[in-house]
Amino acid sequence: MRPFQYTRAPSLAEASNMTAGKDTLAIAGGTNLLDLMKLQVETPDQLADINRLGFAEIEDTDNGGLRLGALATNTETAVHPRVRSDYPVLSRAILAGATQQLRNKATNGGNLCQRTRCFYFTNIDQPCNKREPGSGCGAIDGIAKLHAILGTSDQCIATYPGDMAVALSALGATVHISGDKGERSVPVRDFHCLPGDTPWIENVLEPGEIITGIVLPAPVGGTQIYRKVRERSSYAFALVSVAAIIELTDGKFSRADLAFGGLAHKPWHDPRVGECLLGQPPSDALFDKAADILLENARGFGENDFKIPLTRRTLHAVLSQATEDAA
Amino acid sequence: MTVHFKQDEPVNSNRLDGMKQGVLGKPLPRIEGLAKVTGTASYAAEFPVENCAEGVLVTATITRGEVTSIDRESVLSMPGVIAVIDDEKLCTRAAQGTANEAPMQGPSQVCYWGQPIALVVAETFEQARDAAKHLAVEYRKEEGAPLDPSEVEPEEQEDETVHQGDLAHAMADAAHSVDVTYTTKGHASAAMEPHAAIAQWDGDKLTVHASLQMLNYNITELADALDMKEENIRLISRFVGGGFGSKLGISEEVVAAALAAKEVGRPVRVVQSRQQVFQTVMRRSETTQRLRLAADSDGKLIGFGHEALVSNLPGETFAEPVLQSSHFMYGGENRELMLNVARIHRMTAGSVRAPGEAVGMPALEGAMDVLAAKAGIDPVELRLRNIPEKDPEDGLPFSSHKLAECLKQGAEAFGWDKDQRKPRQRREGEWWIGTGMASAARVHNISEAKARVTLKTDGTALVETDMTDIGTGTYTILAQIAGEMLGLDPKRVLVELGDTRHPRGPGSGGSWGAASIGSAVYVACKAIREELATRIGTSEDKLELSEGKTATGESLTDLLEGKDLAREGHYEPGDIEDDYTASGFGAFFAEVRVNHYTGETRVERMLGAFGFGRVLNAKTARSQCIGGITWSIGVALTEALEFDPRDGHLVNCDLAEYHVPVHRDVPDLDVVLVEERDGAASPIQAKGIGELGMCGGAAAIANAIYNACGARLYDYPMTPDRVLAVMPD
């Protein structure tokens, strides 16, 4: 760990000012950032502690939705009565991630900003275009079992590791952001970026911008499932995960909001996958068609080729379960 | 006064069963348990040492070559930095278990990525860590270091080779034959406590607090590394937060701390980071194993072949002893066994949790299941039919053999269903459910050991030895043995371990600790009993002691006449080792569910039945078995070291990415202790436990996967991708 300045940000405006410079990072729960600092993957000169700035509440919105404070912890969010009853996919996704101890400390805003667990990213003696632009990608041709099959580039095949954001993507949540130019909101589906030629840019936050909350739309009901496939049954990142909100009307899909984790540099949401299900009765052939659309441009890198059939099968499992539950 | 007992003959007198205190074998909680869970037990790095500087190892970022320059000035101006140590005495590898000599030294020669090459010392840990990352090092790289075991010409371990009869012919003649190749990936010990040492000099006397398993060897290794006399060294290791083989020999931080403390003239602490522990200490070698089994129409083996390929660095003598129990596990007069080592430039391979059987037995027991299915014989029955009368290679009798009892009692307790052998018979929703079983075996090891027992005038006893307790219960069982022999409540027995000022124990490793040091304590106590018997005019075998008194009511305190009575017990295995084949045996039974869609496997329940001689403490014995079974779940399903194919570095080097089983992976585990007395194994008739619990268990899970869903896998761990690759539609 390099020496760094620690400052408790006195206000949101001051936190924005401080983090506008590239040498200052905001810290909330710190469950990911501190680990990366010890490894010198992150080497900020200053940390701006935003933990005392408020926005830790979970509140109803006027239109019946729910606003999750960016500084509410993952645990508080997962156990919140309205999250459990109206957005169970979110509660399940959060509880599928990390460990109880980490979730007690980790915040909602921080969770969105967590960084990839690519082995080459976290080892500063290995090449990584994300950590050190231009140094190359160690994972391509390296150990890449956990890596992406969708939206990759020749610069980076890392995955976004989180679970919570996958559920938020299925729910169509919105990220609320505050910065020196004022406030703005971004659909969570547009919050994270694909690596392209700039793998070090992982989300749309501009310097000085800080997440203040996440707004969930009014509840839509339906059967909500979060399925996380992993080698170890807890404390492991997803090989693939699926967040699904499914509703059947008269035996046909009337809602199919689907998002996927473990497949890409961002929670993967392809609207065509759900659309192809709408108005159709469930069938294996239909599920296959949805998987065909989802995986149309999937590409494996040897070690992670298995993710392509695994994703297809997991989608089958989730849709089968959802339609059985809904029937 | 030292009493020497060299065991040349079995001890079948069952003396411990005749004692009156009645504490041996009782499920007493661990003496040091409360201190550990309340945080008052000090581990190596936690000793308060004044004016202690902090050292952090600098590791190589090339695979093979030479360090041509280290620019000390690049870090000496950094805040708090005191020194850069690149002494040629620095160790570049950990010592192998029982090496008894310094491990490889000379940090300028690099043999694997991540090898320690220097130590940076600073006022604080953070400063040292930062400086270690900034130290400017130049290398001369040697390209082309082999990294893939399959790409080099291996070296045959001739001691392991067996050619007996004609296996090829037996395979051709067999009614049923199996010829399969299994693979296992590398494993890490993954002890909770990282490797750490604090070194302190007082003139030419060196004291080191370290986390080590075998001080009796470690002191010699350290003395050799530093070119010192052993009498000038004191090693202390009272509590060890898990070793699992990784702390058998001294590793790099011990020597580095000692050299640094000398150079900077003050105490130095060196704690390896989690990543360094993974990358610089020990890996279990990956293995490739070909199994050939030839059976007659009754399923009786007529041929047995087991050939294995493992790897290690050049210069290492250790070769994962995959075939260890295969030599005697099952009959079959036509035999081919061979162990080959590939020399590659991954980190050192060494002892990790039950070296040998931990990976050899899962392959053998997987192949036995394939044979059972082919021959249409129940897998339990197949094993019962193949238990040899005597060692099938050297003809020695077994010291004891509880495999049949373990198979029968285990099957009974588990509810083994012979009629459920056809795969894909049970499905609940997405999940296939099935059961499988496997035999367990782990060779019995025993070692020379010394312990001093003092019966004190205050009516307590003191046991002293440099033996360690690595979390297994050594403190407790020694108090029980001494308490039983001397007629004392174990609460009145103080056990002092982990200090080289005490008599030399056997160290903790190879599951030999309890039987070896327990026998030394037994020998010492027996000598004390003889003295006491003399004092009251009787013979030792007639002496009855309990609750601090003789049968006639005289108190031990009175018999001591105001003077402590001390005896040093020196136990040494003798010719008996050449007269018997000694092993622990057991059986595993597992029920698993396999997800049809995702290939995820979850263990529903698991049971192990084990015979390992006398049970010294039913609770710690059971805990050892549960721990072993847990590790076997890791071998079966989750644990795999991954090495970069281009530079050989260990990629998944922390506990988030190296998947040891977590609570949710470990279901209801049941243990059946099949108690026996094995007088040829040790004077206290005990054998090793800890490792036996994981030797074969992975195969019970693998075989249950097959029974559940019909997917027959030959590669451990059986991760979802691998299960799906062979999952029938």
# chains A, B, ... in the order shown; residues from 1 in each chain; ligands from 1

$ interface_residues --of "chain B" --to "chain A" --cutoff "6 Å" --atoms "only C-alpha atoms" --output "compact mmCIF listing (two decimals) with all heavy atoms, in the first residue's frame"
# COMPACT_ATOMS: atom_id res chain seq x y z
N GLU B 126 3.60 -1.40 6.20
CA GLU B 126 3.13 -0.74 4.98
C GLU B 126 4.30 -0.15 4.20
O GLU B 126 4.35 -0.21 2.97
CB GLU B 126 2.11 0.35 5.31
CG GLU B 126 0.75 -0.18 5.76
CD GLU B 126 0.73 -0.68 7.19
OE1 GLU B 126 1.71 -0.45 7.93
OE2 GLU B 126 -0.27 -1.32 7.58
N ASP B 130 5.40 -1.36 0.45
CA ASP B 130 5.49 -0.42 -0.66
C ASP B 130 6.89 -0.47 -1.28
O ASP B 130 7.05 -0.55 -2.50
CB ASP B 130 5.17 0.99 -0.15
CG ASP B 130 5.03 1.98 -1.29
OD1 ASP B 130 4.67 1.57 -2.40
OD2 ASP B 130 5.27 3.19 -1.05
N TYR B 597 -29.11 -29.09 -15.54
CA TYR B 597 -28.88 -27.97 -16.46
C TYR B 597 -27.49 -27.37 -16.31
O TYR B 597 -26.84 -27.03 -17.29
CB TYR B 597 -29.92 -26.88 -16.21
CG TYR B 597 -31.31 -27.25 -16.64
CD1 TYR B 597 -32.26 -27.65 -15.70
CD2 TYR B 597 -31.68 -27.20 -17.98
CE1 TYR B 597 -33.54 -27.99 -16.10
CE2 TYR B 597 -32.96 -27.54 -18.38
CZ TYR B 597 -33.89 -27.94 -17.44
OH TYR B 597 -35.15 -28.27 -17.83
N THR B 598 -27.05 -27.19 -15.05
CA THR B 598 -25.83 -26.40 -14.83
C THR B 598 -24.61 -27.25 -14.50
O THR B 598 -23.49 -26.73 -14.48
CB THR B 598 -26.04 -25.42 -13.66
OG1 THR B 598 -26.25 -26.16 -12.45
CG2 THR B 598 -27.25 -24.52 -13.93
N ASP B 644 -0.22 -20.09 -15.02
CA ASP B 644 -0.17 -19.43 -16.32
C ASP B 644 0.66 -20.28 -17.27
O ASP B 644 1.76 -20.71 -16.92
CB ASP B 644 0.44 -18.03 -16.16
CG ASP B 644 0.43 -17.29 -17.48
OD1 ASP B 644 -0.55 -16.59 -17.76
OD2 ASP B 644 1.42 -17.43 -18.24
N ASP B 665 -20.93 -25.70 1.30
CA ASP B 665 -20.55 -26.89 0.52
C ASP B 665 -20.48 -28.13 1.39
O ASP B 665 -20.33 -29.24 0.88
CB ASP B 665 -19.16 -26.70 -0.10
CG ASP B 665 -19.14 -25.57 -1.10
OD1 ASP B 665 -20.02 -25.54 -1.96
OD2 ASP B 665 -18.24 -24.72 -1.01
N THR B 719 -15.85 -29.86 -11.74
CA THR B 719 -16.51 -28.57 -11.79
C THR B 719 -17.65 -28.61 -12.81
O THR B 719 -17.70 -29.52 -13.65
CB THR B 719 -15.48 -27.49 -12.16
OG1 THR B 719 -14.70 -27.97 -13.26
CG2 THR B 719 -14.54 -27.21 -11.00
N ASP B 721 -18.36 -27.19 -15.58
CA ASP B 721 -17.99 -27.30 -17.00
C ASP B 721 -17.63 -28.74 -17.35
O ASP B 721 -18.01 -29.25 -18.42
CB ASP B 721 -16.82 -26.36 -17.32
CG ASP B 721 -15.64 -26.54 -16.39
OD1 ASP B 721 -15.87 -26.64 -15.16
OD2 ASP B 721 -14.49 -26.58 -16.86

$ select_by_dssp --residues "region 505-592 of chain B" --states "strand (DSSP E)" --output "list in words"
Leu545, Ser546, Lys549, Thr550, Leu565, Ala566, Arg567, Glu568, Gly569, His570, Tyr571, Glu572, Pro573, Ser583, Gly584, Phe585, Gly586, Ala587, Phe588, Phe589, Ala590, Glu591 and Val592 of chain B

$ select_by_dssp --residues "region 20-86 of chain A" --states "alpha helix (DSSP H)" --output "ChimeraX atom specification"
/A:20,33-38,74-79,81-86

$ residues_around --residues "region 176-182 of chain B" --least-positions-apart "3" --cutoff "8 Å" --atoms "only C-alpha atoms" --output "PDB file with N, CA and C atoms, in the first residue's frame"
ATOM      1  N   MET B 171      -4.646 -58.481 -18.209  1.00  0.00           N
ATOM      2  CA  MET B 171      -5.686 -57.599 -18.774  1.00  0.00           C
ATOM      3  C   MET B 171      -6.389 -58.290 -19.940  1.00  0.00           C
ATOM      4  N   THR B 288      -1.255 -37.084 -13.276  1.00  0.00           N
ATOM      5  CA  THR B 288      -1.939 -37.860 -14.311  1.00  0.00           C
ATOM      6  C   THR B 288      -1.735 -39.322 -13.931  1.00  0.00           C
ATOM      7  N   GLN B 289      -2.822 -40.073 -13.823  1.00  0.00           N
ATOM      8  CA  GLN B 289      -2.710 -41.437 -13.300  1.00  0.00           C
ATOM      9  C   GLN B 289      -3.456 -42.424 -14.190  1.00  0.00           C
ATOM     10  N   ARG B 290      -2.715 -43.412 -14.644  1.00  0.00           N
ATOM     11  CA  ARG B 290      -3.350 -44.495 -15.396  1.00  0.00           C
ATOM     12  C   ARG B 290      -3.597 -45.674 -14.463  1.00  0.00           C
ATOM     13  N   LEU B 291      -4.840 -46.108 -14.440  1.00  0.00           N
ATOM     14  CA  LEU B 291      -5.222 -47.251 -13.620  1.00  0.00           C
ATOM     15  C   LEU B 291      -5.601 -48.405 -14.521  1.00  0.00           C
ATOM     16  N   ARG B 292      -5.036 -49.548 -14.256  1.00  0.00           N
ATOM     17  CA  ARG B 292      -5.452 -50.765 -14.967  1.00  0.00           C
ATOM     18  C   ARG B 292      -5.857 -51.809 -13.938  1.00  0.00           C
ATOM     19  N   LEU B 293      -7.089 -52.280 -14.076  1.00  0.00           N
ATOM     20  CA  LEU B 293      -7.593 -53.294 -13.166  1.00  0.00           C
ATOM     21  C   LEU B 293      -8.095 -54.467 -14.004  1.00  0.00           C
ATOM     22  N   ALA B 294      -7.620 -55.655 -13.662  1.00  0.00           N
ATOM     23  CA  ALA B 294      -8.059 -56.866 -14.358  1.00  0.00           C
ATOM     24  C   ALA B 294      -8.699 -57.786 -13.325  1.00  0.00           C
ATOM     25  N   ALA B 295      -9.928 -58.198 -13.591  1.00  0.00           N
ATOM     26  CA  ALA B 295     -10.642 -59.015 -12.607  1.00  0.00           C
ATOM     27  C   ALA B 295     -11.189 -60.274 -13.258  1.00  0.00           C
ATOM     28  N   ASP B 296     -11.320 -61.326 -12.443  1.00  0.00           N
ATOM     29  CA  ASP B 296     -11.961 -62.542 -12.941  1.00  0.00           C
ATOM     30  C   ASP B 296     -13.482 -62.364 -12.880  1.00  0.00           C
ATOM     31  N   SER B 297     -14.211 -63.394 -13.212  1.00  0.00           N
ATOM     32  CA  SER B 297     -15.665 -63.238 -13.337  1.00  0.00           C
ATOM     33  C   SER B 297     -16.325 -62.969 -11.989  1.00  0.00           C
ATOM     34  N   GLY B 299     -15.071 -60.853  -9.933  1.00  0.00           N
ATOM     35  CA  GLY B 299     -14.627 -59.521  -9.538  1.00  0.00           C
ATOM     36  C   GLY B 299     -13.341 -59.517  -8.749  1.00  0.00           C
ATOM     37  N   ALA B 363      -8.225 -41.589  -7.478  1.00  0.00           N
ATOM     38  CA  ALA B 363      -8.110 -42.185  -8.813  1.00  0.00           C
ATOM     39  C   ALA B 363      -8.370 -43.694  -8.741  1.00  0.00           C
ATOM     40  N   ALA B 367     -11.589 -45.793 -10.301  1.00  0.00           N
ATOM     41  CA  ALA B 367     -11.438 -46.927 -11.217  1.00  0.00           C
ATOM     42  C   ALA B 367     -12.137 -48.169 -10.676  1.00  0.00           C
ATOM     43  N   VAL B 370     -15.660 -47.980 -11.625  1.00  0.00           N
ATOM     44  CA  VAL B 370     -15.856 -48.317 -13.038  1.00  0.00           C
ATOM     45  C   VAL B 370     -15.889 -49.840 -13.187  1.00  0.00           C
ATOM     46  N   LEU B 371     -14.993 -50.499 -12.458  1.00  0.00           N
ATOM     47  CA  LEU B 371     -14.943 -51.961 -12.508  1.00  0.00           C
ATOM     48  C   LEU B 371     -16.229 -52.572 -11.935  1.00  0.00           C
ATOM     49  N   LYS B 374     -18.917 -52.297 -14.459  1.00  0.00           N
ATOM     50  CA  LYS B 374     -18.690 -53.224 -15.577  1.00  0.00           C
ATOM     51  C   LYS B 374     -19.020 -54.661 -15.199  1.00  0.00           C
ATOM     52  N   ALA B 375     -18.594 -55.032 -13.984  1.00  0.00           N
ATOM     53  CA  ALA B 375     -18.773 -56.418 -13.557  1.00  0.00           C
ATOM     54  C   ALA B 375     -20.156 -56.666 -12.981  1.00  0.00           C
ATOM     55  N   TYR B 714     -13.307 -38.318 -15.182  1.00  0.00           N
ATOM     56  CA  TYR B 714     -11.980 -38.832 -14.818  1.00  0.00           C
ATOM     57  C   TYR B 714     -11.023 -37.707 -14.430  1.00  0.00           C
ATOM     58  N   ASP B 715     -11.583 -36.515 -14.279  1.00  0.00           N
ATOM     59  CA  ASP B 715     -10.747 -35.352 -13.956  1.00  0.00           C
ATOM     60  C   ASP B 715     -11.285 -34.659 -12.715  1.00  0.00           C
ATOM     61  N   TYR B 716     -10.405 -34.560 -11.726  1.00  0.00           N
ATOM     62  CA  TYR B 716     -10.734 -33.810 -10.503  1.00  0.00           C
ATOM     63  C   TYR B 716     -10.126 -32.415 -10.609  1.00  0.00           C
TER      64      TYR B 716
END

$ atom_distance --atom1 "CA of Met1 (chain B)" --atom2 "CA of His570 (chain B)"
10.4 Å

$ atom_distance --atom1 "CA of Ala128 (chain B)" --atom2 "CA of Asp45 (chain A)"
18.0 Å

$ residues_around --residues "region 7-23 of chain A" --least-positions-apart "6" --cutoff "10 Å" --atoms "only C-alpha atoms" --output "PyMOL selection string"
chain A and resi 43-54+178-182+206-210+212

$ residues_around --residues "Ile233 (chain B)" --least-positions-apart "6" --cutoff "9 Å" --atoms "only C-alpha atoms" --output "MDAnalysis selection string"
chainID B and resid 204:208 219 222:223 500

$ write_last_selection --atoms "N, CA, C and O atoms" --output "PDB file, in the first residue's frame"
ATOM      1  N   ASP B 204      25.220 -13.883  20.033  1.00  0.00           N
ATOM      2  CA  ASP B 204      25.163 -14.887  18.973  1.00  0.00           C
ATOM      3  C   ASP B 204      24.017 -15.872  19.188  1.00  0.00           C
ATOM      4  O   ASP B 204      23.964 -16.930  18.572  1.00  0.00           O
ATOM      5  N   LYS B 205      23.113 -15.505  20.099  1.00  0.00           N
ATOM      6  CA  LYS B 205      21.941 -16.366  20.340  1.00  0.00           C
ATOM      7  C   LYS B 205      20.739 -15.822  19.561  1.00  0.00           C
ATOM      8  O   LYS B 205      20.447 -14.629  19.632  1.00  0.00           O
ATOM      9  N   LEU B 206      20.087 -16.719  18.894  1.00  0.00           N
ATOM     10  CA  LEU B 206      18.951 -16.338  18.051  1.00  0.00           C
ATOM     11  C   LEU B 206      17.660 -16.965  18.581  1.00  0.00           C
ATOM     12  O   LEU B 206      17.623 -18.167  18.842  1.00  0.00           O
ATOM     13  N   THR B 207      16.644 -16.122  18.742  1.00  0.00           N
ATOM     14  CA  THR B 207      15.313 -16.635  19.085  1.00  0.00           C
ATOM     15  C   THR B 207      14.367 -16.301  17.942  1.00  0.00           C
ATOM     16  O   THR B 207      14.326 -15.165  17.477  1.00  0.00           O
ATOM     17  N   VAL B 208      13.621 -17.300  17.509  1.00  0.00           N
ATOM     18  CA  VAL B 208      12.667 -17.069  16.417  1.00  0.00           C
ATOM     19  C   VAL B 208      11.291 -17.590  16.815  1.00  0.00           C
ATOM     20  O   VAL B 208      11.130 -18.755  17.177  1.00  0.00           O
ATOM     21  N   ILE B 219      14.834 -26.680  13.513  1.00  0.00           N
ATOM     22  CA  ILE B 219      16.001 -26.067  14.148  1.00  0.00           C
ATOM     23  C   ILE B 219      17.271 -26.459  13.397  1.00  0.00           C
ATOM     24  O   ILE B 219      18.175 -25.649  13.195  1.00  0.00           O
ATOM     25  N   LEU B 222      17.314 -24.519  10.099  1.00  0.00           N
ATOM     26  CA  LEU B 222      17.671 -23.105  10.282  1.00  0.00           C
ATOM     27  C   LEU B 222      19.160 -22.965  10.595  1.00  0.00           C
ATOM     28  O   LEU B 222      19.838 -22.080  10.064  1.00  0.00           O
ATOM     29  N   ALA B 223      19.653 -23.851  11.444  1.00  0.00           N
ATOM     30  CA  ALA B 223      21.074 -23.810  11.782  1.00  0.00           C
ATOM     31  C   ALA B 223      21.924 -24.013  10.529  1.00  0.00           C
ATOM     32  O   ALA B 223      22.927 -23.314  10.313  1.00  0.00           O
ATOM     33  N   THR B 500      11.885 -25.218  21.379  1.00  0.00           N
ATOM     34  CA  THR B 500      13.026 -26.132  21.222  1.00  0.00           C
ATOM     35  C   THR B 500      13.865 -26.257  22.490  1.00  0.00           C
ATOM     36  O   THR B 500      14.829 -27.011  22.516  1.00  0.00           O
TER      37      THR B 500
END

$ residues_around --residues "Leu16 (chain B)" --least-positions-apart "2" --cutoff "10 Å" --atoms "only C-alpha atoms" --output "list in words"
Ser13, Asn14, Gly18, Met19, Lys20, Gln21, Gly22, Leu24, Ile481, Glu484, Met485, Tyr522, Arg614, Pro683, Ile684 and Gln685 of chain B

$ residues_around --residues "Gly245 (chain B)" --least-positions-apart "4" --cutoff "9 Å" --atoms "only C-alpha atoms" --output "PyMOL selection string"
chain B and resi 97+189+213+249+282+350-355+508-510

$ closest_residue --among "B:Glu357, B:Glu530, B:Glu430, B:Glu676" --to "Arg567 (chain B)" --atoms "only C-alpha atoms"
B:Glu530

$ closest_residue --among "A:Ser169, A:Ser135, A:Ser153, A:Asn203" --to "Pro267 (chain A)" --atoms "only C-alpha atoms"
A:Ser169

$ closest_residue --among "A:Pro195, A:Gly300, A:Gly221, A:Gly109" --to "Asp86 (chain A)" --atoms "only C-alpha atoms"
A:Gly221

$ atom_distance --atom1 "CA of Glu496 (chain B)" --atom2 "CA of Glu464 (chain B)"
4.9 Å
